[in-house]
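Participant: Contents of coords-v2.tsv (TSV, C-alpha atoms):
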chain	number	residue	atom	x	y	z
A	1	ASP	CA	-45.00	-100.16	-21.46
A	2	LEU	CA	-42.80	-97.07	-21.29
A	3	ILE	CA	-43.62	-96.22	-17.68
A	4	PRO	CA	-41.60	-99.06	-16.05
A	5	LEU	CA	-38.67	-98.17	-18.34
A	6	MET	CA	-38.91	-94.53	-17.28
A	7	LEU	CA	-38.98	-95.45	-13.61
A	8	GLY	CA	-36.18	-97.98	-13.89
A	9	ALA	CA	-33.88	-95.58	-15.75
A	10	ALA	CA	-34.69	-92.69	-13.41
A	11	LEU	CA	-34.30	-94.46	-10.08
A	12	ALA	CA	-30.60	-95.27	-10.30
A	13	PRO	CA	-29.47	-93.46	-7.12
A	14	ILE	CA	-25.92	-92.73	-8.25
A	15	TYR	CA	-27.08	-90.12	-10.80
A	16	PRO	CA	-28.72	-87.71	-8.30
A	17	VAL	CA	-25.84	-88.40	-5.88
A	18	VAL	CA	-23.38	-87.01	-8.44
A	19	VAL	CA	-25.57	-83.99	-9.25
A	20	LEU	CA	-26.08	-83.16	-5.58
A	21	LEU	CA	-22.35	-83.52	-4.94
A	22	LEU	CA	-21.54	-81.12	-7.77
A	23	LEU	CA	-24.08	-78.59	-6.48
A	24	GLN	CA	-22.25	-78.36	-3.17
A	25	GLY	CA	-18.93	-77.23	-4.70
A	26	ALA	CA	-17.77	-73.91	-6.11
A	27	GLY	CA	-19.67	-73.08	-9.29
A	28	GLY	CA	-21.95	-75.96	-8.40
A	29	LEU	CA	-24.97	-74.95	-10.45
A	30	GLY	CA	-22.96	-74.60	-13.66
A	31	LYS	CA	-21.10	-77.88	-13.13
A	32	ALA	CA	-24.22	-79.85	-12.17
A	33	SER	CA	-26.15	-78.42	-15.12
A	34	ALA	CA	-23.28	-79.27	-17.46
A	35	PHE	CA	-23.19	-82.82	-16.11
A	36	VAL	CA	-26.93	-83.24	-16.76
A	37	LEU	CA	-26.67	-81.68	-20.23
A	38	GLY	CA	-23.87	-84.10	-21.10
A	39	ALA	CA	-26.02	-87.06	-20.06
A	40	VAL	CA	-29.03	-85.70	-21.97
A	41	PHE	CA	-26.91	-85.11	-25.09
A	42	VAL	CA	-25.87	-88.78	-25.21
A	43	ARG	CA	-29.48	-89.93	-24.81
A	44	VAL	CA	-30.56	-87.61	-27.64
A	45	VAL	CA	-27.82	-89.03	-29.89
A	46	GLN	CA	-28.87	-92.56	-28.96
A	47	GLY	CA	-32.47	-91.72	-29.85
A	48	ILE	CA	-31.52	-90.22	-33.21
A	49	VAL	CA	-29.13	-92.99	-34.22
A	50	PHE	CA	-31.07	-96.02	-33.05
A	51	GLY	CA	-34.48	-94.52	-33.81
A	52	PHE	CA	-33.44	-94.39	-37.44
A	53	ILE	CA	-32.09	-97.94	-37.23
A	54	PHE	CA	-35.34	-99.37	-35.88
A	55	ARG	CA	-37.55	-97.27	-38.18
A	56	PRO	CA	-36.43	-98.90	-41.46
A	57	ALA	CA	-37.30	-102.24	-39.90
A	58	VAL	CA	-40.84	-100.97	-39.36
A	59	ASP	CA	-41.07	-99.46	-42.83
A	60	ALA	CA	-39.89	-102.73	-44.33
A	61	GLU	CA	-42.73	-104.47	-42.46
A	62	ALA	CA	-40.36	-106.75	-40.58
A	63	ALA	CA	-42.99	-107.03	-37.88
A	64	ALA	CA	-41.97	-110.45	-36.60
A	65	GLY	CA	-38.33	-109.49	-36.19
A	66	LEU	CA	-39.16	-106.13	-34.62
A	67	ALA	CA	-41.57	-107.75	-32.19
A	68	LEU	CA	-38.69	-109.78	-30.77
A	69	ILE	CA	-36.50	-106.75	-30.05
A	70	GLY	CA	-38.57	-105.21	-27.25
A	71	PRO	CA	-39.12	-108.39	-25.18
A	72	THR	CA	-35.49	-109.44	-25.67
A	73	LEU	CA	-34.23	-106.11	-24.38
A	74	LEU	CA	-36.65	-106.21	-21.44
A	75	ALA	CA	-35.45	-109.70	-20.50
A	76	LEU	CA	-31.86	-108.52	-20.77
A	77	ILE	CA	-32.60	-105.55	-18.50
A	78	GLY	CA	-34.19	-107.93	-16.00
A	79	VAL	CA	-31.14	-110.20	-15.94
A	80	LEU	CA	-28.73	-107.25	-15.57
A	81	LEU	CA	-30.75	-105.74	-12.73
A	82	LEU	CA	-31.02	-109.06	-10.88
A	83	ILE	CA	-27.26	-109.53	-11.18
A	84	ALA	CA	-26.76	-106.00	-9.83
A	85	ALA	CA	-29.12	-106.73	-6.91
A	86	PHE	CA	-27.23	-109.94	-6.10
A	87	LYS	CA	-23.88	-108.13	-6.14
A	88	LYS	CA	-25.20	-105.42	-3.83
A	89	TRP	CA	-26.58	-108.06	-1.46
A	90	ARG	CA	-23.30	-110.00	-1.36
A	91	LYS	CA	-21.21	-106.89	-0.67
A	92	PRO	CA	-22.12	-105.43	2.73
A	93	ALA	CA	-21.73	-101.70	3.15
A	94	ASP	CA	-18.76	-100.45	5.17
A	95	PRO	CA	-19.81	-97.28	7.04
A	96	ASP	CA	-16.17	-96.40	7.73
A	97	ALA	CA	-15.04	-96.77	4.12
A	98	PRO	CA	-13.83	-93.55	2.44
A	99	PRO	CA	-15.80	-92.19	-0.52
A	100	PRO	CA	-14.79	-93.58	-3.90
A	101	ALA	CA	-11.90	-91.74	-5.53
A	102	TRP	CA	-14.03	-90.72	-8.51
A	103	MET	CA	-16.49	-88.93	-6.19
A	104	SER	CA	-13.65	-86.96	-4.62
A	105	ALA	CA	-12.35	-86.02	-8.07
A	106	LEU	CA	-15.73	-84.72	-9.26
A	107	SER	CA	-15.63	-81.59	-7.14
A	108	GLY	CA	-12.50	-80.43	-8.95
A	109	LEU	CA	-13.94	-80.71	-12.45
A	110	SER	CA	-14.55	-77.69	-14.64
A	111	ALA	CA	-17.98	-77.22	-16.19
A	112	PHE	CA	-16.66	-78.52	-19.52
A	113	LYS	CA	-15.22	-81.65	-17.93
A	114	ALA	CA	-18.43	-82.12	-15.92
A	115	ALA	CA	-20.35	-82.19	-19.22
A	116	GLY	CA	-17.94	-84.83	-20.49
A	117	ALA	CA	-18.41	-86.81	-17.27
A	118	GLY	CA	-22.19	-86.70	-17.72
A	119	ALA	CA	-21.88	-87.92	-21.29
A	120	LEU	CA	-19.51	-90.67	-20.19
A	121	PHE	CA	-21.84	-91.65	-17.35
A	122	VAL	CA	-24.58	-92.61	-19.83
A	123	ALA	CA	-22.27	-93.80	-22.62
A	124	VAL	CA	-20.55	-96.49	-20.54
A	125	ALA	CA	-23.52	-97.61	-18.41
A	126	VAL	CA	-24.68	-100.90	-19.90
A	127	LYS	CA	-28.01	-100.87	-18.07
A	128	GLN	CA	-28.77	-97.33	-19.26
A	129	TRP	CA	-27.99	-98.35	-22.84
A	130	VAL	CA	-30.44	-101.23	-22.60
A	131	PHE	CA	-33.10	-99.01	-21.00
A	132	THR	CA	-32.76	-96.54	-23.88
A	133	LEU	CA	-32.81	-99.21	-26.59
A	134	ALA	CA	-35.80	-100.88	-24.97
A	135	ALA	CA	-37.68	-97.56	-24.86
A	136	ILE	CA	-36.93	-96.97	-28.56
A	137	ALA	CA	-38.05	-100.51	-29.41
A	138	VAL	CA	-41.30	-100.10	-27.45
A	139	VAL	CA	-42.08	-96.83	-29.25
A	140	GLU	CA	-41.24	-98.20	-32.71
A	141	GLU	CA	-43.16	-101.43	-32.13
A	142	ALA	CA	-46.29	-99.35	-31.49
A	143	GLN	CA	-45.70	-97.50	-34.81
A	144	PRO	CA	-47.09	-94.15	-33.58
A	145	GLY	CA	-45.65	-92.14	-36.47
A	146	LEU	CA	-42.56	-89.96	-36.50
A	147	SER	CA	-43.89	-86.91	-34.61
A	148	LEU	CA	-45.59	-88.86	-31.83
A	149	GLY	CA	-42.66	-91.28	-31.66
A	150	VAL	CA	-40.23	-88.40	-31.11
A	151	GLY	CA	-42.56	-86.95	-28.48
A	152	LEU	CA	-42.73	-90.27	-26.63
A	153	TYR	CA	-38.96	-90.64	-26.64
A	154	LEU	CA	-38.55	-87.08	-25.36
A	155	LEU	CA	-41.03	-87.95	-22.59
A	156	PHE	CA	-38.86	-90.94	-21.69
A	157	LEU	CA	-35.77	-88.71	-21.74
A	158	LEU	CA	-37.46	-86.13	-19.48
A	159	ALA	CA	-38.47	-88.85	-17.03
A	160	THR	CA	-34.86	-90.04	-16.75
A	161	GLN	CA	-33.94	-86.54	-15.56
A	162	ALA	CA	-36.79	-86.20	-13.06
A	163	PRO	CA	-34.72	-86.95	-9.92
A	164	VAL	CA	-32.25	-84.13	-10.67
A	165	LEU	CA	-34.49	-81.43	-12.14
A	166	LEU	CA	-36.02	-80.42	-8.80
A	167	PRO	CA	-32.64	-80.03	-7.01
A	168	LEU	CA	-31.29	-77.99	-9.93
A	169	LEU	CA	-34.34	-75.72	-9.98
A	170	ALA	CA	-34.34	-75.33	-6.18
A	171	PHE	CA	-30.67	-74.37	-6.16
A	172	ALA	CA	-31.11	-71.98	-9.10
A	173	VAL	CA	-34.04	-70.17	-7.44
A	174	ALA	CA	-32.80	-70.14	-3.83
A	175	PRO	CA	-29.20	-71.31	-3.51
A	176	ALA	CA	-28.75	-70.25	0.11
A	177	ARG	CA	-32.02	-71.71	1.40
A	178	SER	CA	-31.72	-74.96	-0.57
A	179	ALA	CA	-28.06	-75.66	0.27
A	180	GLN	CA	-28.70	-77.39	3.59
A	181	PRO	CA	-31.67	-79.56	2.43
A	182	LEU	CA	-29.75	-80.60	-0.70
A	183	ALA	CA	-26.68	-81.48	1.37
A	184	ALA	CA	-28.91	-83.53	3.68
A	185	ALA	CA	-30.49	-85.28	0.69
A	186	HIS	CA	-27.04	-86.05	-0.70
A	187	GLY	CA	-25.91	-87.52	2.61
A	188	TRP	CA	-29.06	-89.63	2.88
A	189	LEU	CA	-28.61	-91.00	-0.66
A	190	VAL	CA	-24.96	-91.80	-0.02
A	191	ARG	CA	-25.77	-93.62	3.24
A	192	HIS	CA	-28.63	-95.62	1.73
A	193	ASN	CA	-27.30	-95.98	-1.81
A	194	ARG	CA	-26.67	-99.72	-1.44
A	195	VAL	CA	-30.14	-100.52	-0.06
A	196	ILE	CA	-31.93	-98.31	-2.60
A	197	ALA	CA	-29.97	-99.78	-5.51
A	198	MET	CA	-30.58	-103.33	-4.27
A	199	ILE	CA	-34.35	-102.88	-3.86
A	200	VAL	CA	-34.77	-101.03	-7.16
A	201	SER	CA	-32.68	-103.61	-9.01
A	202	LEU	CA	-34.58	-106.54	-7.48
A	203	VAL	CA	-38.09	-105.17	-8.04
A	204	PHE	CA	-37.51	-103.89	-11.57
A	205	GLY	CA	-35.32	-106.87	-12.45
A	206	LEU	CA	-38.14	-109.30	-11.68
A	207	TRP	CA	-40.67	-107.10	-13.49
A	208	PHE	CA	-38.62	-106.67	-16.66
A	209	LEU	CA	-37.65	-110.33	-16.76
A	210	TYR	CA	-41.31	-111.31	-16.46
A	211	LYS	CA	-42.37	-108.85	-19.17
A	212	GLY	CA	-39.54	-109.93	-21.47
A	213	VAL	CA	-40.10	-113.68	-21.09
A	214	THR	CA	-43.89	-113.45	-21.45
A	215	GLY	CA	-43.44	-111.17	-24.49
A	216	LEU	CA	-41.08	-113.65	-26.13
A	217	LEU	CA	-43.50	-116.49	-25.45
A	218	ILE	CA	-46.36	-114.55	-27.05
A	219	VAL	CA	-44.28	-113.69	-30.12
A	220	GLY	CA	-43.00	-117.24	-30.37
Please lay out the structure from this file as structure tokens.

Facilitator:
Amino acid sequence: DLIPLMLGAALAPIYPVVVLLLLQGAGGLGKASAFVLGAVFVRVVQGIVFGFIFRPAVDAEAAAGLALIGPTLLALIGVLLLIAAFKKWRKPADPDAPPPAWMSALSGLSAFKAAGAGALFVAVAVKQWVFTLAAIAVVEEAQPGLSLGVGLYLLFLLATQAPVLLPLLAFAVAPARSAQPLAAAHGWLVRHNRVIAMIVSLVFGLWFLYKGVTGLLIVG
């Protein structure tokens, strides 16, 4: 049940686009790493706070109420992703449009501000919030115990960073040799961002909506 959540949270193309953009500027490795650490920090805080909110529900044996949380969140993710896919479909890409202002501003950030931007990226993204809460609910519903539950959530967190770990490692090991391939990857993601986001949102939206609705029917 965690695997689709991992994939859905990890495949948002805008996250690696930002990291690759930061890597291309001065002090790129430090800024990109700070951005990722900021995003990871927020997910860790979310896991600590909401893990301890869901856990008392398990300890109190509120099984029926807890069983509704996971499917409800999955259905909500499905609806949000389908709405996102529809919006992407209705708004054709303009190849001559300038890059968004926020992307231009990123290159001028300090490492400290890049960390804040990474934290803000996760903190204000509604879909990422729901992905995280759904992952916590799935883990707690299985009642694996505290140690295994923490390990499963950390596995989810690691999976959300999978698309950016390889570029960061490649740039750290061989900055000169990796610069051109990473720039090419960034350009490809920017050019195809709309199509990737639309396909990912449609496929995972249908999947999560199906899982959520069938889960609610079973519980009901």

Participant: Could you check which of A:Leu155, A:Leu182, A:Val150, A:Leu168 is closest to Gly30 (chain A), using only C-alpha atoms?

Facilitator: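 The shortest atom-to-atom distance to Gly30 (chain A) comes from A:Leu168.
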
Participant: So how many Å separate CA of Lys87 (chain A) and CA of Thr160 (chain A), to one decimal?

Facilitator: 23.7 Å

Participant: In Å, with one decimal, what is the gap from CA of Ala185 (chain A) to CA of Leu22 (chain A)?

Facilitator: 13.0 Å

Participant: For Gln180 (chain A), work out the shell of residues within 12 Å, counting all atoms listed in the file and skipping chain neighbours fewer than 3 positions away, then give it as a tab-separated table (two decimals) with C-alpha atoms, in the coordinates of the input.

Facilitator:
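The resulting selection_25.tsv:
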chain	number	residue	atom	x	y	z
A	20	LEU	CA	-26.08	-83.16	-5.58
A	23	LEU	CA	-24.08	-78.59	-6.48
A	24	GLN	CA	-22.25	-78.36	-3.17
A	167	PRO	CA	-32.64	-80.03	-7.01
A	170	ALA	CA	-34.34	-75.33	-6.18
A	171	PHE	CA	-30.67	-74.37	-6.16
A	174	ALA	CA	-32.80	-70.14	-3.83
A	175	PRO	CA	-29.20	-71.31	-3.51
A	176	ALA	CA	-28.75	-70.25	0.11
A	177	ARG	CA	-32.02	-71.71	1.40
A	183	ALA	CA	-26.68	-81.48	1.37
A	184	ALA	CA	-28.91	-83.53	3.68
A	185	ALA	CA	-30.49	-85.28	0.69
A	186	HIS	CA	-27.04	-86.05	-0.70
A	187	GLY	CA	-25.91	-87.52	2.61

Participant: May I ask for the distance between CA of Leu166 (chain A) and CA of Val18 (chain A), given in Å to one decimal place?

Facilitator: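 These two atoms are separated by 14.3 Å.
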
Participant: Quick one: residues within 12 Å of region 205-210 of chain A, only C-alpha atoms, excluding same-chain residues fewer than 3 positions away - as a ChimeraX atom specification?

Facilitator: /A:1-5,7-9,70-86,127,130-131,134,197-202,213-217

Participant: Which is closer to Phe112 (chain A) than all the others in A:Val195, A:Leu21, A:Gly38, A:Val190, using all atoms listed in the file?

Facilitator: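 Counting all atoms listed in the file, the residue closest to Phe112 (chain A) is A:Gly38.
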
Participant: Emit as AutoDock Vina command-line options the padded axis-aligned box for all listed atoms of region 157-170 of chain A, 8 Å per side, with centre and edge lengths in Å to one decimal.

Facilitator:
--center_x -34.9 --center_y -82.7 --center_z -14.0 --size_x 23.2 --size_y 30.7 --size_z 31.6

Participant: Using only C-alpha atoms, can you list as a ChimeraX atom specification the residues within 12 Å of (-27.0, -85.7, -20.1)?

Facilitator: /A:15,19,32-46,114-123,128,157-158,160-161,164-165

Participant: With only C-alpha atoms as the basis for distance, which of A:Pro163, A:Arg194, A:Val17, A:Gly25 is at the shortest distance from Lys91 (chain A)?

Facilitator: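 The closest residue to Lys91 (chain A) is A:Arg194.
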
Participant: Excluding region 146-148 of chain A and any residue of its chain fewer than 6 positions from it, enumerate the residues within 10 Å of it, using all atoms listed in the file, and give them as JSON, numbers by chain.

Facilitator: {"A": [51, 55, 139, 140, 154]}

Participant: Counting all atoms listed in the file, note down every residue that has an atom within 7 Å of the point (-39.6, -95.8, -25.3) (file coordinates), as number ranges by chain.

Facilitator: A: 2, 134-139, 152-153, 156

Participant: Quick one: write out the picked residues with C-alpha atoms as a PDB file, in the coordinates of the input?

Facilitator:
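Generated file (result.pdb):
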ATOM      1  CA  LEU A   2     -42.800 -97.070 -21.290  1.00  0.00           C
ATOM      2  CA  ALA A 134     -35.800-100.880 -24.970  1.00  0.00           C
ATOM      3  CA  ALA A 135     -37.680 -97.560 -24.860  1.00  0.00           C
ATOM      4  CA  ILE A 136     -36.930 -96.970 -28.560  1.00  0.00           C
ATOM      5  CA  ALA A 137     -38.050-100.510 -29.410  1.00  0.00           C
ATOM      6  CA  VAL A 138     -41.300-100.100 -27.450  1.00  0.00           C
ATOM      7  CA  VAL A 139     -42.080 -96.830 -29.250  1.00  0.00           C
ATOM      8  CA  LEU A 152     -42.730 -90.270 -26.630  1.00  0.00           C
ATOM      9  CA  TYR A 153     -38.960 -90.640 -26.640  1.00  0.00           C
ATOM     10  CA  PHE A 156     -38.860 -90.940 -21.690  1.00  0.00           C
TER      11      PHE A 156
END
